[in-house]
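> File name structure17.txt; file contents compact mmCIF, C-alpha atoms; full text below.
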# COMPACT_ATOMS: atom_id res chain seq x y z
CA MET A 1 84.64 -66.81 -34.04
CA SER A 2 81.30 -67.64 -32.39
CA LEU A 3 78.49 -65.18 -31.87
CA ALA A 4 77.21 -64.54 -28.36
CA PRO A 5 73.53 -64.53 -27.41
CA ALA A 6 71.99 -61.07 -27.76
CA ASP A 7 72.48 -59.74 -24.23
CA GLY A 8 73.76 -62.49 -21.96
CA GLY A 9 77.48 -61.79 -22.04
CA PHE A 10 80.41 -64.20 -22.05
CA ALA A 11 82.17 -65.61 -18.98
CA ILE A 12 84.71 -68.19 -17.83
CA TYR A 13 84.28 -70.43 -14.80
CA LEU A 14 87.39 -72.19 -13.40
CA HIS A 15 86.88 -75.01 -10.91
CA TRP A 16 89.42 -75.77 -8.18
CA PRO A 17 88.09 -79.02 -6.66
CA PHE A 18 90.09 -79.23 -3.43
CA CYS A 19 89.06 -78.36 0.14
CA GLN A 20 90.70 -78.77 3.53
CA SER A 21 87.57 -80.64 4.67
CA LYS A 22 84.18 -81.51 3.23
CA CYS A 23 81.21 -79.62 4.71
CA PRO A 24 78.34 -81.97 5.63
CA TYR A 25 75.74 -80.04 3.60
CA CYS A 26 77.86 -79.72 0.45
CA ASP A 27 77.07 -81.62 -2.75
CA PHE A 28 79.53 -79.70 -4.92
CA ASN A 29 82.37 -81.42 -6.74
CA SER A 30 84.86 -80.90 -3.91
CA HIS A 31 87.48 -83.29 -2.56
CA VAL A 32 90.01 -83.55 0.25
CA ARG A 33 93.55 -84.60 -0.68
CA GLU A 34 96.64 -84.90 1.52
CA SER A 35 98.69 -83.06 -1.09
CA VAL A 36 98.14 -81.36 -4.44
CA ASP A 37 100.78 -80.91 -7.14
CA GLU A 38 99.83 -77.31 -7.89
CA GLU A 39 102.37 -76.89 -10.69
CA ARG A 40 100.80 -79.82 -12.53
CA TRP A 41 97.30 -78.50 -11.95
CA ARG A 42 98.24 -75.03 -13.16
CA ARG A 43 99.59 -76.46 -16.41
CA ALA A 44 96.42 -78.47 -16.94
CA LEU A 45 94.06 -75.54 -16.31
CA LEU A 46 96.11 -73.40 -18.70
CA ALA A 47 95.94 -76.16 -21.32
CA GLU A 48 92.15 -76.40 -21.11
CA LEU A 49 91.90 -72.62 -21.47
CA ASP A 50 94.09 -72.82 -24.57
CA HIS A 51 91.88 -75.56 -26.01
CA TYR A 52 88.66 -73.54 -25.73
CA ALA A 53 90.33 -70.33 -26.87
CA ALA A 54 90.75 -71.88 -30.32
CA GLU A 55 87.01 -71.52 -30.99
CA THR A 56 86.04 -68.57 -28.78
CA SER A 57 89.03 -66.19 -28.76
CA GLY A 58 88.16 -62.62 -29.56
CA ARG A 59 84.91 -62.59 -27.64
CA ALA A 60 84.73 -59.80 -25.07
CA LEU A 61 84.83 -61.30 -21.59
CA THR A 62 82.27 -60.14 -19.03
CA SER A 63 83.54 -62.08 -16.02
CA VAL A 64 85.85 -64.75 -14.66
CA PHE A 65 84.89 -66.82 -11.63
CA PHE A 66 87.19 -69.07 -9.59
CA GLY A 67 84.90 -71.53 -7.80
CA GLY A 68 85.26 -74.80 -5.98
CA GLY A 69 86.12 -76.44 -3.77
CA THR A 70 88.16 -73.75 -2.09
CA PRO A 71 90.01 -71.74 -4.75
CA SER A 72 91.51 -69.49 -2.07
CA LEU A 73 93.80 -72.46 -1.35
CA MET A 74 95.48 -71.80 -4.70
CA ALA A 75 98.74 -69.88 -4.70
CA PRO A 76 98.32 -66.29 -5.93
CA ARG A 77 100.87 -66.97 -8.67
CA THR A 78 98.63 -69.75 -10.02
CA VAL A 79 95.66 -67.40 -10.04
CA GLY A 80 97.79 -64.73 -11.71
CA ALA A 81 99.01 -67.14 -14.41
CA LEU A 82 95.44 -68.13 -15.25
CA ILE A 83 94.25 -64.51 -15.42
CA GLU A 84 97.23 -63.58 -17.59
CA ARG A 85 96.47 -66.43 -20.03
CA ILE A 86 92.80 -65.46 -20.16
CA ALA A 87 93.72 -61.85 -20.99
CA ARG A 88 95.96 -63.11 -23.77
CA HIS A 89 93.12 -65.04 -25.42
CA TRP A 90 90.08 -62.85 -24.80
CA PRO A 91 89.63 -59.05 -24.64
CA LEU A 92 88.45 -57.99 -21.19
CA THR A 93 85.59 -55.52 -20.98
CA PRO A 94 86.39 -52.34 -18.98
CA GLU A 95 84.09 -53.52 -16.17
CA VAL A 96 85.28 -57.15 -16.19
CA GLU A 97 84.55 -58.88 -12.89
CA ILE A 98 87.12 -61.42 -11.64
CA THR A 99 85.76 -63.22 -8.58
CA LEU A 100 87.32 -65.79 -6.29
CA GLU A 101 85.47 -67.79 -3.63
CA ALA A 102 87.28 -67.85 -0.30
CA ASN A 103 86.92 -69.42 3.12
CA PRO A 104 87.41 -67.02 6.02
CA GLY A 105 90.12 -69.10 7.71
CA SER A 106 93.29 -67.24 8.52
CA VAL A 107 95.45 -69.29 6.11
CA GLU A 108 93.34 -68.27 3.11
CA ALA A 109 92.69 -64.70 4.26
CA ALA A 110 96.42 -64.02 4.57
CA LYS A 111 96.65 -64.46 0.80
CA PHE A 112 94.25 -61.63 -0.01
CA ALA A 113 96.94 -59.08 -0.82
CA GLY A 114 98.58 -61.50 -3.25
CA LEU A 115 95.27 -62.43 -4.85
CA ALA A 116 94.40 -58.77 -5.38
CA ALA A 117 97.81 -58.19 -6.98
CA ALA A 118 97.18 -61.20 -9.24
CA GLY A 119 94.05 -59.58 -10.65
CA ILE A 120 91.15 -60.63 -8.43
CA ASN A 121 88.79 -57.66 -8.03
CA ARG A 122 85.91 -59.35 -6.22
CA VAL A 123 85.90 -61.95 -3.45
CA SER A 124 82.99 -64.05 -2.16
CA LEU A 125 83.40 -65.26 1.44
CA GLY A 126 81.74 -68.47 2.64
CA VAL A 127 80.84 -67.20 6.12
CA GLN A 128 77.50 -69.16 6.42
CA ALA A 129 76.68 -68.21 10.05
CA LEU A 130 77.50 -65.55 12.63
CA ASN A 131 77.55 -67.75 15.71
CA ASP A 132 80.13 -70.38 16.58
CA ALA A 133 77.68 -73.14 17.52
CA ASP A 134 76.03 -73.12 14.09
CA LEU A 135 79.40 -72.83 12.35
CA ARG A 136 80.44 -76.05 14.09
CA PHE A 137 77.15 -77.72 13.10
CA LEU A 138 77.74 -76.69 9.47
CA GLY A 139 81.22 -78.18 9.55
CA ARG A 140 82.97 -74.88 8.97
CA ARG A 141 86.64 -74.63 9.98
CA HIS A 142 86.49 -70.94 10.95
CA ASP A 143 84.89 -69.19 13.89
CA VAL A 144 83.08 -65.85 13.97
CA GLY A 145 86.27 -63.98 14.88
CA GLU A 146 88.05 -65.30 11.80
CA ALA A 147 85.04 -64.42 9.66
CA LEU A 148 85.06 -60.84 10.91
CA ALA A 149 88.81 -60.55 10.28
CA ALA A 150 88.38 -61.93 6.74
CA MET A 151 85.63 -59.39 6.02
CA GLU A 152 87.89 -56.56 7.10
CA LEU A 153 90.70 -57.86 4.88
CA ALA A 154 88.29 -58.23 1.96
CA ARG A 155 87.08 -54.66 2.46
CA ARG A 156 90.70 -53.47 2.51
CA HIS A 157 91.99 -55.36 -0.53
CA PHE A 158 89.11 -55.71 -3.01
CA PRO A 159 86.88 -53.06 -4.60
CA ARG A 160 83.94 -55.48 -4.49
CA TRP A 161 83.22 -58.25 -2.01
CA SER A 162 80.35 -60.31 -0.66
CA PHE A 163 79.64 -63.04 1.84
CA ASP A 164 77.20 -65.95 2.13
CA LEU A 165 74.85 -66.94 4.93
CA ILE A 166 72.74 -70.07 5.40
CA TYR A 167 69.38 -69.83 7.18
CA ALA A 168 66.61 -72.29 8.19
CA ARG A 169 69.11 -74.07 10.39
CA PRO A 170 67.88 -76.55 13.04
CA GLY A 171 66.06 -74.77 15.83
CA GLN A 172 66.34 -71.36 14.18
CA THR A 173 63.48 -68.97 14.91
CA VAL A 174 62.48 -65.81 13.10
CA ALA A 175 63.55 -63.78 16.14
CA ALA A 176 67.02 -65.36 16.21
CA TRP A 177 67.44 -64.87 12.46
CA GLU A 178 66.28 -61.26 12.76
CA ALA A 179 69.14 -60.56 15.17
CA GLU A 180 71.71 -62.40 13.06
CA LEU A 181 70.62 -60.76 9.83
CA GLY A 182 70.75 -57.37 11.52
CA ARG A 183 74.36 -58.01 12.46
CA ALA A 184 75.10 -59.19 8.91
CA LEU A 185 73.76 -55.91 7.53
CA GLU A 186 76.09 -53.96 9.81
CA LEU A 187 78.99 -55.89 8.25
CA ALA A 188 77.88 -56.23 4.64
CA GLY A 189 79.10 -54.24 1.70
CA GLU A 190 76.98 -53.94 -1.43
CA HIS A 191 76.14 -57.63 -1.92
CA LEU A 192 74.88 -60.47 0.28
CA SER A 193 73.94 -64.06 -0.61
CA VAL A 194 71.45 -65.82 1.67
CA TYR A 195 70.64 -69.50 1.08
CA GLN A 196 68.10 -71.78 2.73
CA LEU A 197 69.61 -74.95 4.19
CA THR A 198 68.42 -77.93 2.17
CA ILE A 199 69.27 -81.62 2.45
CA GLU A 200 71.09 -82.70 -0.71
CA ALA A 201 71.55 -86.28 -1.87
CA ASN A 202 74.83 -88.05 -1.09
CA THR A 203 75.87 -85.64 1.65
CA VAL A 204 76.70 -86.30 5.29
CA PHE A 205 73.62 -84.32 6.27
CA GLU A 206 71.39 -86.59 4.19
CA GLY A 207 72.31 -89.61 6.29
CA ALA A 208 72.19 -87.71 9.57
CA HIS A 209 68.80 -86.22 8.75
CA ARG A 210 67.41 -89.60 7.72
CA ARG A 211 68.58 -91.08 11.02
CA GLY A 212 66.81 -88.33 12.93
CA GLU A 213 69.99 -86.73 14.27
CA PHE A 214 68.60 -83.27 13.53
CA ALA A 215 65.46 -81.69 12.09
CA LEU A 216 65.02 -78.66 9.87
CA PRO A 217 62.48 -75.99 10.80
CA PRO A 218 58.92 -76.79 9.67
CA GLU A 219 57.83 -75.51 6.27
CA GLU A 220 55.83 -72.61 7.67
CA THR A 221 58.87 -71.41 9.66
CA ALA A 222 61.11 -71.72 6.59
CA GLU A 223 58.63 -69.64 4.59
CA ALA A 224 58.48 -67.03 7.33
CA LEU A 225 62.28 -66.87 7.42
CA TYR A 226 62.41 -66.42 3.63
CA GLU A 227 59.76 -63.70 3.61
CA PHE A 228 61.42 -61.86 6.51
CA THR A 229 64.77 -62.01 4.70
CA GLN A 230 63.32 -60.51 1.53
CA GLU A 231 61.59 -57.68 3.40
CA ARG A 232 64.48 -56.88 5.75
CA LEU A 233 67.15 -56.75 3.06
CA ALA A 234 64.96 -54.75 0.67
CA THR A 235 64.30 -52.20 3.43
CA ALA A 236 68.07 -51.99 4.02
CA GLY A 237 68.69 -51.16 0.35
CA LEU A 238 69.78 -54.64 -0.75
CA PRO A 239 66.73 -55.95 -2.64
CA ALA A 240 66.71 -59.45 -4.07
CA TYR A 241 67.75 -59.46 -7.70
CA GLU A 242 67.65 -63.28 -7.63
CA ILE A 243 66.04 -65.75 -5.24
CA SER A 244 69.06 -65.98 -2.92
CA ASN A 245 71.10 -62.94 -3.90
CA HIS A 246 70.72 -59.35 -2.75
CA ALA A 247 72.57 -56.23 -3.85
CA ARG A 248 72.42 -52.51 -4.10
CA PRO A 249 71.47 -51.51 -7.66
CA GLY A 250 74.54 -51.89 -9.87
CA ALA A 251 76.37 -54.21 -7.45
CA GLU A 252 74.89 -57.48 -8.68
CA CYS A 253 77.27 -60.40 -9.31
CA ARG A 254 77.96 -60.01 -13.03
CA HIS A 255 79.14 -63.59 -13.41
CA ASN A 256 75.93 -65.11 -12.12
CA LEU A 257 73.93 -62.73 -14.31
CA VAL A 258 75.60 -64.34 -17.32
CA TYR A 259 74.14 -67.68 -16.20
CA TRP A 260 70.69 -66.34 -15.37
CA GLN A 261 70.39 -64.15 -18.46
CA GLY A 262 71.28 -66.98 -20.82
CA GLY A 263 74.79 -65.93 -21.79
CA ASP A 264 77.67 -68.15 -22.89
CA TYR A 265 80.32 -69.40 -20.49
CA LEU A 266 83.27 -71.75 -20.59
CA GLY A 267 83.53 -74.37 -17.85
CA ILE A 268 87.18 -75.14 -17.10
CA GLY A 269 88.31 -77.76 -14.58
CA PRO A 270 86.90 -80.98 -13.07
CA GLY A 271 83.14 -81.33 -13.47
CA ALA A 272 82.71 -77.78 -14.80
CA HIS A 273 79.69 -77.14 -17.04
CA GLY A 274 79.59 -74.68 -19.91
CA ARG A 275 77.28 -73.23 -22.54
CA LEU A 276 78.55 -72.21 -25.97
CA THR A 277 76.81 -70.70 -28.98
CA LEU A 278 78.72 -71.59 -32.14
CA GLU A 279 77.40 -70.73 -35.61
CA GLY A 280 73.89 -70.35 -34.26
CA GLN A 281 73.83 -73.65 -32.35
CA ARG A 282 73.93 -73.70 -28.54
CA PHE A 283 75.90 -76.49 -26.88
CA ALA A 284 76.07 -77.79 -23.32
CA THR A 285 79.55 -78.92 -22.26
CA ARG A 286 80.67 -80.91 -19.24
CA GLN A 287 84.20 -81.80 -18.13
CA HIS A 288 85.27 -85.07 -16.49
CA ARG A 289 84.18 -84.88 -12.85
CA ALA A 290 86.82 -86.89 -10.93
CA PRO A 291 89.90 -84.70 -10.36
CA GLU A 292 92.50 -87.33 -11.20
CA ALA A 293 90.59 -88.48 -14.31
CA TRP A 294 90.25 -84.88 -15.47
CA LEU A 295 93.96 -84.22 -14.94
CA ALA A 296 95.06 -87.32 -16.83
CA GLN A 297 92.72 -86.58 -19.73
CA VAL A 298 93.93 -82.99 -20.08
CA GLU A 299 97.55 -84.12 -20.06
CA ALA A 300 96.76 -86.66 -22.76
CA ALA A 301 94.47 -84.63 -25.02
CA GLY A 302 94.70 -80.95 -24.01
CA HIS A 303 91.19 -80.91 -22.53
CA ALA A 304 88.86 -83.20 -20.57
CA THR A 305 85.48 -82.56 -22.17
CA ARG A 306 83.24 -85.49 -21.32
CA GLU A 307 80.12 -84.22 -23.03
CA ARG A 308 79.35 -81.68 -25.75
CA LYS A 309 75.66 -81.82 -26.50
CA PRO A 310 73.68 -79.65 -28.93
CA LEU A 311 70.60 -78.20 -27.25
CA GLY A 312 67.29 -78.41 -29.05
CA LEU A 313 64.55 -75.80 -28.87
CA GLY A 314 62.84 -77.56 -25.95
CA ASP A 315 66.10 -77.80 -24.00
CA ARG A 316 66.83 -74.13 -24.56
CA ARG A 317 63.31 -73.09 -23.58
CA GLU A 318 63.41 -75.07 -20.34
CA GLU A 319 66.85 -73.75 -19.45
CA LEU A 320 65.87 -70.16 -20.16
CA LEU A 321 62.84 -70.49 -17.89
CA MET A 322 64.77 -72.24 -15.11
CA THR A 323 67.45 -69.57 -14.99
CA GLY A 324 65.56 -66.45 -16.05
CA LEU A 325 62.65 -66.85 -13.64
CA ARG A 326 65.09 -66.87 -10.72
CA LEU A 327 65.68 -63.19 -11.42
CA ALA A 328 63.38 -60.55 -9.96
CA GLU A 329 63.29 -58.89 -13.38
CA GLY A 330 62.37 -62.20 -15.04
CA ILE A 331 62.81 -62.74 -18.78
CA SER A 332 62.34 -59.80 -21.11
CA ARG A 333 60.46 -60.29 -24.35
CA ALA A 334 63.58 -59.32 -26.31
CA ARG A 335 65.73 -61.91 -24.51
CA PHE A 336 63.10 -64.62 -24.96
CA ARG A 337 62.87 -63.84 -28.68
CA ALA A 338 66.67 -63.70 -29.12
CA ALA A 339 67.18 -67.05 -27.38
CA LEU A 340 64.32 -69.01 -28.95
CA GLY A 341 63.13 -67.10 -31.99
CA GLU A 342 59.62 -67.21 -30.55
CA GLU A 343 57.25 -65.01 -28.60
CA ILE A 344 56.38 -66.01 -25.03
CA GLU A 345 52.70 -66.57 -25.79
CA THR A 346 53.36 -68.89 -28.73
CA SER A 347 56.25 -70.77 -27.10
CA LEU A 348 54.51 -71.79 -23.88
CA ASP A 349 51.37 -73.82 -23.29
CA PRO A 350 48.63 -71.16 -22.95
CA ALA A 351 46.50 -73.12 -20.46
CA ARG A 352 49.42 -73.83 -18.12
CA LEU A 353 50.61 -70.25 -18.38
CA ALA A 354 47.14 -68.87 -17.67
CA ARG A 355 46.71 -71.02 -14.55
CA LEU A 356 49.99 -69.81 -13.09
CA VAL A 357 49.24 -66.17 -13.92
CA ASP A 358 45.71 -66.42 -12.50
CA GLY A 359 47.07 -68.19 -9.42
CA GLY A 360 49.36 -65.26 -8.65
CA PHE A 361 52.66 -67.08 -9.33
CA LEU A 362 53.67 -65.46 -12.64
CA VAL A 363 53.21 -62.08 -14.33
CA LEU A 364 53.10 -61.74 -18.11
CA ASP A 365 53.02 -58.18 -19.43
CA ALA A 366 54.59 -55.89 -22.00
CA ALA A 367 58.01 -56.21 -20.29
CA GLY A 368 58.08 -60.01 -20.33
CA LEU A 369 57.57 -62.96 -17.98
CA ARG A 370 58.54 -62.95 -14.31
CA ALA A 371 57.71 -64.77 -11.10
CA THR A 372 55.85 -63.01 -8.31
CA PRO A 373 57.24 -63.20 -4.76
CA ALA A 374 54.90 -66.15 -4.16
CA GLY A 375 56.14 -67.77 -7.37
CA ARG A 376 59.82 -67.37 -6.46
CA LEU A 377 59.12 -68.95 -3.08
CA ARG A 378 57.78 -72.05 -4.89
CA LEU A 379 59.79 -71.77 -8.10
CA ASN A 380 60.52 -75.48 -8.52
CA ALA A 381 56.80 -76.27 -8.41
CA VAL A 382 56.02 -73.35 -10.75
CA LEU A 383 58.56 -74.56 -13.29
CA ALA A 384 57.28 -78.13 -13.09
CA ALA A 385 53.74 -76.88 -13.76
CA LEU A 386 54.92 -74.66 -16.63
CA VAL A 387 57.09 -77.05 -18.62
CA ALA A 388 55.97 -80.57 -17.56
Let me see the file written as structure tokens.

Amino acid sequence: MSLAPADGGFAIYLHWPFCQSKCPYCDFNSHVRESVDEERWRRALLAELDHYAAETSGRALTSVFFGGGTPSLMAPRTVGALIERIARHWPLTPEVEITLEANPGSVEAAKFAGLAAAGINRVSLGVQALNDADLRFLGRRHDVGEALAAMELARRHFPRWSFDLIYARPGQTVAAWEAELGRALELAGEHLSVYQLTIEANTVFEGAHRRGEFALPPEETAEALYEFTQERLATAGLPAYEISNHARPGAECRHNLVYWQGGDYLGIGPGAHGRLTLEGQRFATRQHRAPEAWLAQVEAAGHATRERKPLGLGDRREELLMTGLRLAEGISRARFRAALGEEIETSLDPARLARLVDGGFLVLDAAGLRATPAGRLRLNAVLAALVA
């Protein structure tokens, strides 16, 4: 049996790669198919779980996350079979979080009762906007009415639920976002995810943006939108615990905390990534990305691991900084020491660190290392300056 990192927890991520349509901003491993042989896919996902259980069974499980794609397209009995197999292999902690991502369309929302009965205790709704014009621009299949109905169903069937919004949309002003965010707070439970619209490579939006078909708000407007979001949600009792995620204290997404706090997690399904600590060595795993290639490989070999790479000290340091500095709490000294066997001051370049601290982007104190609000706003640049 492997040993977990000191405080990061242990989780399982299951990837369902299929969607009814591909959103133009999305660069996730998601695909549209006319039909899916769900029985065949269920057997394959169960087989890959069995494969990884051979070296990790017995570890207490913090969370399970069904992501995609659109995992709410799965039949509840498929979800139930996967949860049952997981519980057979790994002991579940009393507070285990089992999340499923869902689109608010009526077809998926109608399944909520069955998904709750199957063992899902948290749902994350991809709402993205609270006006129909922007939902159409974002390529979403639902309208605001369906989103509101899905929220009510989520509130009724699941003890914990959340929804996502995207801001910095074309033409969006701070005043318009203030009104929309106010409405979101009237609807929200204990958790809300708010992401800035960015143009990702190899997406429909990349080509449309390059051709001048739309423009994003200027940088100063995007910064103003971000800063307003942080202040408004904190005032409402949902402070940011991570750059894009807000929650009442104690309602944070436990699965994502495993990622950001450097825990171990299994990646199951097409293109899924994982991190495993085995006999003191941390490994990065990656499954075959193409759905059909993944399926064929699992049926032939019991798993479809494309890469299993040991991580050196430099890799682990960079990963810890990239994930840990996303959190408002940053990286504690104990976690840094447990992950790397080094103190912060001796592990990082002192001149680079001093420049970022003096510039007001990082704080280093007795608690550990964390980004300031200004540092989180420019985290990619801060990380590049810290570890380049």
> If you count only C-alpha atoms, which residues fall within 8 Å of range 158-164 of chain A, apart from same-chain ones fewer than 4 positions away, as a list in words?
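Answer for this query is Ala116, Ile120, Asn121, Arg122, Val123, Ser124, Leu125, Gly126, Val127, Gln128, Ala154, Ala188, Gly189, Glu190, His191, Leu192, Ser193, Val194 and Tyr195 of chain A.
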> Could you pull out every residue with an atom within 12 Å of (70.6, -61.3, -22.0), file coordinates, counting all atoms listed in the file, and send them as JSON, numbers by chain?
{"A": [4, 5, 6, 7, 8, 9, 10, 254, 256, 257, 258, 259, 260, 261, 262, 263, 264, 320, 323, 324, 327, 329, 330, 331, 332, 333, 334, 335, 336, 337, 338, 339]}
> List every protein, DNA or RNA residue that has an atom no more than 12 Å from (83.6, -61.7, -18.0) in the file's coordinate frame, counting all atoms listed in the file, and report them as an mmCIF file with C-alpha atoms, keeping the file's coordinate frame.

data_model
loop_
_atom_site.group_PDB
_atom_site.id
_atom_site.type_symbol
_atom_site.label_atom_id
_atom_site.label_comp_id
_atom_site.auth_asym_id
_atom_site.auth_seq_id
_atom_site.Cartn_x
_atom_site.Cartn_y
_atom_site.Cartn_z
ATOM 1 C CA GLY A 8 73.760 -62.490 -21.960
ATOM 2 C CA GLY A 9 77.480 -61.790 -22.040
ATOM 3 C CA PHE A 10 80.410 -64.200 -22.050
ATOM 4 C CA ALA A 11 82.170 -65.610 -18.980
ATOM 5 C CA ILE A 12 84.710 -68.190 -17.830
ATOM 6 C CA TYR A 13 84.280 -70.430 -14.800
ATOM 7 C CA ARG A 59 84.910 -62.590 -27.640
ATOM 8 C CA ALA A 60 84.730 -59.800 -25.070
ATOM 9 C CA LEU A 61 84.830 -61.300 -21.590
ATOM 10 C CA THR A 62 82.270 -60.140 -19.030
ATOM 11 C CA SER A 63 83.540 -62.080 -16.020
ATOM 12 C CA VAL A 64 85.850 -64.750 -14.660
ATOM 13 C CA PHE A 65 84.890 -66.820 -11.630
ATOM 14 C CA PHE A 66 87.190 -69.070 -9.590
ATOM 15 C CA ILE A 83 94.250 -64.510 -15.420
ATOM 16 C CA ILE A 86 92.800 -65.460 -20.160
ATOM 17 C CA ALA A 87 93.720 -61.850 -20.990
ATOM 18 C CA TRP A 90 90.080 -62.850 -24.800
ATOM 19 C CA PRO A 91 89.630 -59.050 -24.640
ATOM 20 C CA LEU A 92 88.450 -57.990 -21.190
ATOM 21 C CA THR A 93 85.590 -55.520 -20.980
ATOM 22 C CA PRO A 94 86.390 -52.340 -18.980
ATOM 23 C CA GLU A 95 84.090 -53.520 -16.170
ATOM 24 C CA VAL A 96 85.280 -57.150 -16.190
ATOM 25 C CA GLU A 97 84.550 -58.880 -12.890
ATOM 26 C CA ILE A 98 87.120 -61.420 -11.640
ATOM 27 C CA THR A 99 85.760 -63.220 -8.580
ATOM 28 C CA ASN A 121 88.790 -57.660 -8.030
ATOM 29 C CA CYS A 253 77.270 -60.400 -9.310
ATOM 30 C CA ARG A 254 77.960 -60.010 -13.030
ATOM 31 C CA HIS A 255 79.140 -63.590 -13.410
ATOM 32 C CA ASN A 256 75.930 -65.110 -12.120
ATOM 33 C CA LEU A 257 73.930 -62.730 -14.310
ATOM 34 C CA VAL A 258 75.600 -64.340 -17.320
ATOM 35 C CA TYR A 259 74.140 -67.680 -16.200
ATOM 36 C CA GLY A 263 74.790 -65.930 -21.790
ATOM 37 C CA ASP A 264 77.670 -68.150 -22.890
ATOM 38 C CA TYR A 265 80.320 -69.400 -20.490
ATOM 39 C CA LEU A 266 83.270 -71.750 -20.590
#
> Between A:His246, A:Arg232, A:His273, A:Arg378, which residue has the minimum interatomic distance to Gly182 in chain A, considering all atoms listed in the file?
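For Gly182 in chain A, the nearest of the given residues is A:Arg232.
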> Applying 7 Å and only C-alpha atoms, which residues near Val298 in chain A remain after dropping the ones on its own chain fewer than 5 positions away? List them as a PyMOL selection string.
chain A and resi 44+48+303-304
> Just want the 12 Å neighbourhood of Pro17 in chain A, counted on only C-alpha atoms, with same-chain residues fewer than 5 positions away dropped. Output as a PyMOL selection string.
chain A and resi 22+27-33+36+38+41+45+66-74+101+268-272+288-292+294-295
> Would you save the residues from that selection as a PDB file, keeping the file's coordinate frame, using C-alpha atoms?

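What follows is the written file result15.pdb:
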ATOM      1  CA  LYS A  22      84.180 -81.510   3.230  1.00  0.00           C
ATOM      2  CA  ASP A  27      77.070 -81.620  -2.750  1.00  0.00           C
ATOM      3  CA  PHE A  28      79.530 -79.700  -4.920  1.00  0.00           C
ATOM      4  CA  ASN A  29      82.370 -81.420  -6.740  1.00  0.00           C
ATOM      5  CA  SER A  30      84.860 -80.900  -3.910  1.00  0.00           C
ATOM      6  CA  HIS A  31      87.480 -83.290  -2.560  1.00  0.00           C
ATOM      7  CA  VAL A  32      90.010 -83.550   0.250  1.00  0.00           C
ATOM      8  CA  ARG A  33      93.550 -84.600  -0.680  1.00  0.00           C
ATOM      9  CA  VAL A  36      98.140 -81.360  -4.440  1.00  0.00           C
ATOM     10  CA  GLU A  38      99.830 -77.310  -7.890  1.00  0.00           C
ATOM     11  CA  TRP A  41      97.300 -78.500 -11.950  1.00  0.00           C
ATOM     12  CA  LEU A  45      94.060 -75.540 -16.310  1.00  0.00           C
ATOM     13  CA  PHE A  66      87.190 -69.070  -9.590  1.00  0.00           C
ATOM     14  CA  GLY A  67      84.900 -71.530  -7.800  1.00  0.00           C
ATOM     15  CA  GLY A  68      85.260 -74.800  -5.980  1.00  0.00           C
ATOM     16  CA  GLY A  69      86.120 -76.440  -3.770  1.00  0.00           C
ATOM     17  CA  THR A  70      88.160 -73.750  -2.090  1.00  0.00           C
ATOM     18  CA  PRO A  71      90.010 -71.740  -4.750  1.00  0.00           C
ATOM     19  CA  SER A  72      91.510 -69.490  -2.070  1.00  0.00           C
ATOM     20  CA  LEU A  73      93.800 -72.460  -1.350  1.00  0.00           C
ATOM     21  CA  MET A  74      95.480 -71.800  -4.700  1.00  0.00           C
ATOM     22  CA  GLU A 101      85.470 -67.790  -3.630  1.00  0.00           C
ATOM     23  CA  ILE A 268      87.180 -75.140 -17.100  1.00  0.00           C
ATOM     24  CA  GLY A 269      88.310 -77.760 -14.580  1.00  0.00           C
ATOM     25  CA  PRO A 270      86.900 -80.980 -13.070  1.00  0.00           C
ATOM     26  CA  GLY A 271      83.140 -81.330 -13.470  1.00  0.00           C
ATOM     27  CA  ALA A 272      82.710 -77.780 -14.800  1.00  0.00           C
ATOM     28  CA  HIS A 288      85.270 -85.070 -16.490  1.00  0.00           C
ATOM     29  CA  ARG A 289      84.180 -84.880 -12.850  1.00  0.00           C
ATOM     30  CA  ALA A 290      86.820 -86.890 -10.930  1.00  0.00           C
ATOM     31  CA  PRO A 291      89.900 -84.700 -10.360  1.00  0.00           C
ATOM     32  CA  GLU A 292      92.500 -87.330 -11.200  1.00  0.00           C
ATOM     33  CA  TRP A 294      90.250 -84.880 -15.470  1.00  0.00           C
ATOM     34  CA  LEU A 295      93.960 -84.220 -14.940  1.00  0.00           C
TER      35      LEU A 295
END
> Distance CA of Glu343 in chain A-CA of Glu318 in chain A, one decimal place?
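So the answer is 14.4 Å.
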> Can you pull out the residues contacting Leu340 in chain A? Cut-off 8 Å, using all atoms listed in the file, and skip same-chain residues under 6 positions away; I want them as an MDAnalysis selection string.
chainID A and resid 313 316:317
> May I have the residues from that selection written out with C-alpha atoms, as a short mmCIF file (atom, residue, chain, number, x, y, z; two decimals), in the coordinates of the input?

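The file below, part_12.cif, is the result:
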data_model
loop_
_atom_site.label_atom_id
_atom_site.label_comp_id
_atom_site.auth_asym_id
_atom_site.auth_seq_id
_atom_site.Cartn_x
_atom_site.Cartn_y
_atom_site.Cartn_z
CA LEU A 313 64.55 -75.80 -28.87
CA ARG A 316 66.83 -74.13 -24.56
CA ARG A 317 63.31 -73.09 -23.58
#
> One number please: CA of Gln172 in chain A to CA of Thr372 in chain A, in Å, one decimal.
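CA of Thr372 in chain A lies at a distance of 26.2 Å from CA of Gln172 in chain A.
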> Just give me the gap between CA of Gly212 in chain A and CA of Leu130 in chain A in Å, one decimal is fine.
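For CA of Gly212 in chain A relative to CA of Leu130 in chain A, the distance reads 25.2 Å.
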> Given the choices A:Glu342, A:Glu180, A:Glu55, A:Glu242, which gets closest to Tyr167 in chain A if the distance is worked out from all atoms listed in the file?
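Going through A:Glu342, A:Glu180, A:Glu55, A:Glu242 one by one, the smallest distance to Tyr167 in chain A is for A:Glu180.
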> For Ala222 in chain A, which of A:Arg156, A:Arg140, A:Arg169, A:Arg85 is the closest residue, counting all atoms listed in the file?
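So, comparing all the options, the nearest one is A:Arg169.
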